[in-house]
Amino acid sequence: MAEELATLARRTADRLAEKHVGVVVAAVAGDAVEIRGAGSTGAGHGRPPGPDTLFDIGSVTKPFTALALASLAVSGTAGLDEPLADLLPEGAAVPSRDGRRISLQHLATHTSGLPRLPRGMLLRALLRPSTPDPYADCTAEALLAGLAGTRLGAVPGKRFRYSNLGAGLLGLALARRTGTDYESLITQEICVPLGMTDTVVTVDGARTGRLAQGHRRRGRPVPPWHFADLAGAGALRSTATDLVAFVRAQWDGAPAGPAGLTEAIRLSRSVEHRRNRFARVHLGWMAHRLHPRQGGHLQIWHNGGTGGFSSFVGFDPETRVAVIALGNTRTPVDAPAFDLLRALQADHASGTS
């Protein structure tokens, strides 16, 4: 099986490298893991990326933010049904609709009714489409000021509406409740128990030399994005090695530390909002079942992208397989990653894994 897994990972990395400056692909099947890199990290030194190369993971940050919520819910520090307003500064104006207030669970499942972006940000993007760092001005003060004038597009809890604003506010609110910053929150609640040493917001020290350079679709280098206080929506950087630990915890639980994180992982997937017959959203994760003619397998996933990076993390806890794909180009990595995930699921069904 190890040889087959290595072949599948290498083929996917080579396929992605055709449209990316550099990529890393991890294929996981039970206890077996294969990580393959292709292309270059960029930044002038041209090294091939590998298991410990740091990439922006963009919106793959959101499952971390939601798992932090689940962890705090298990410990009794915060409640899934707790109103967002209770975790914000006194006097902060939070919109509601038809008497329904936005809860933390609504933020984690994209059912708050909030728009995708903070108030005024879409207009700025239209007026300045080449803005190199679009979220840099999303301070807590700016987010809360914009929130006061925001109208909800749906009654909270009723309809899925993907929202970077909502995920960012969740990260901000949880950091305030725990009296720390977002990066420290994720480190304490998730990374330490799972032994993840390279999942960070700020890259400094020895990690700097392992950070890939981001690129536009045509391979032009671009500066990194900074999310300010919207960090919970997309600010994390990570490695294939750390993300393998993150997905394996989805079926094995936390290998060390408090048992509460294992319970939090179960909670994060037990909460769901059904979008249609096949698709639903959990705390931080998208999920769907393939059509029976495709095997009927469960796929839980999230993708991400920043100005110069793209990412995908997907897994099936029933077959214990997972795929991680990281690229240092803006071009999405989703299609080859989903193909690899289906191949691993099919191999499991046929008894070859």
# chains A, B, ... in the order shown; residues from 1 in each chain; ligands from 1

call {"tool": "select_by_dssp", "arguments": {"residues": "segment 71-288 of chain A", "states": "helix (DSSP H, G or I)", "output": "ChimeraX atom specification"}}
result
/A:71-75,84-87,104-108,121-127,140-148,164-178,182-194,205-210,228-233,240-252,260-270

call {"tool": "select_by_dssp", "arguments": {"residues": "segment 258-303 of chain A", "states": "strand (DSSP E or B)", "output": "PyMOL selection string"}}
result
chain A and resi 272-274+279-282+286-289+298-303

call {"tool": "residues_around", "arguments": {"residues": "Arg266 of chain A", "least_positions_apart": "3", "cutoff": "10 Å", "atoms": "only C-alpha atoms", "output": "list of chain:residue names"}}
result
A:Leu67, A:Ala70, A:Gln250, A:Trp251, A:Gly253, A:Gly260, A:Leu261, A:Thr262, A:Glu263, A:Arg269, A:Ser270, A:Val271

call {"tool": "write_last_selection", "arguments": {"atoms": "C-alpha atoms", "output": "compact mmCIF listing (two decimals), in the first residue's frame"}}
result
# COMPACT_ATOMS: atom_id res chain seq x y z
CA LEU A 67 -12.51 23.80 16.69
CA ALA A 70 -15.83 23.60 20.28
CA GLN A 250 -10.30 13.88 13.20
CA TRP A 251 -10.51 10.11 13.57
CA GLY A 253 -8.50 12.23 18.60
CA GLY A 260 -11.45 17.68 26.04
CA LEU A 261 -9.96 18.26 22.59
CA THR A 262 -11.02 14.79 21.43
CA GLU A 263 -14.51 15.57 22.70
CA ARG A 269 -18.77 17.34 13.51
CA SER A 270 -21.95 16.50 15.43
CA VAL A 271 -23.22 20.05 14.88

call {"tool": "closest_atom_pairs", "arguments": {"of": "segment 13-128 of chain A", "to": "segment 191-202 of chain A", "cutoff": "10 Å", "atoms": "only C-alpha atoms", "output": "Markdown table"}}
result
| residue | atom | partner | partner_atom | distance |
| --- | --- | --- | --- | --- |
| A:Asp52 | CA | A:Asp198 | CA | 8.0 |
| A:Thr53 | CA | A:Asp198 | CA | 9.3 |
| A:Leu54 | CA | A:Asp198 | CA | 7.6 |
| A:Phe55 | CA | A:Thr199 | CA | 9.6 |
| A:Asp56 | CA | A:Val201 | CA | 9.0 |
| A:Ile57 | CA | A:Thr199 | CA | 9.6 |
| A:Thr61 | CA | A:Thr199 | CA | 9.8 |
| A:Phe64 | CA | A:Cys191 | CA | 9.5 |

call {"tool": "residues_around", "arguments": {"residues": "Arg248 of chain A", "least_positions_apart": "3", "cutoff": "9 Å", "atoms": "only C-alpha atoms", "output": "list in words"}}
result
Val28, Gly30, Asp31, Leu243, Val244, Ala245, Trp251, Asp252, Gly253, Ala254, Phe315, Pro317, Arg320, Val321 and Ala322 of chain A

call {"tool": "residues_around", "arguments": {"residues": "segment 132-142 of chain A", "least_positions_apart": "3", "cutoff": "12 Å", "atoms": "only C-alpha atoms", "output": "ChimeraX atom specification"}}
result
/A:58,88-89,92-93,117-129,145-149,164-165,168-173,175-176,181,214-216,221-235,306-308
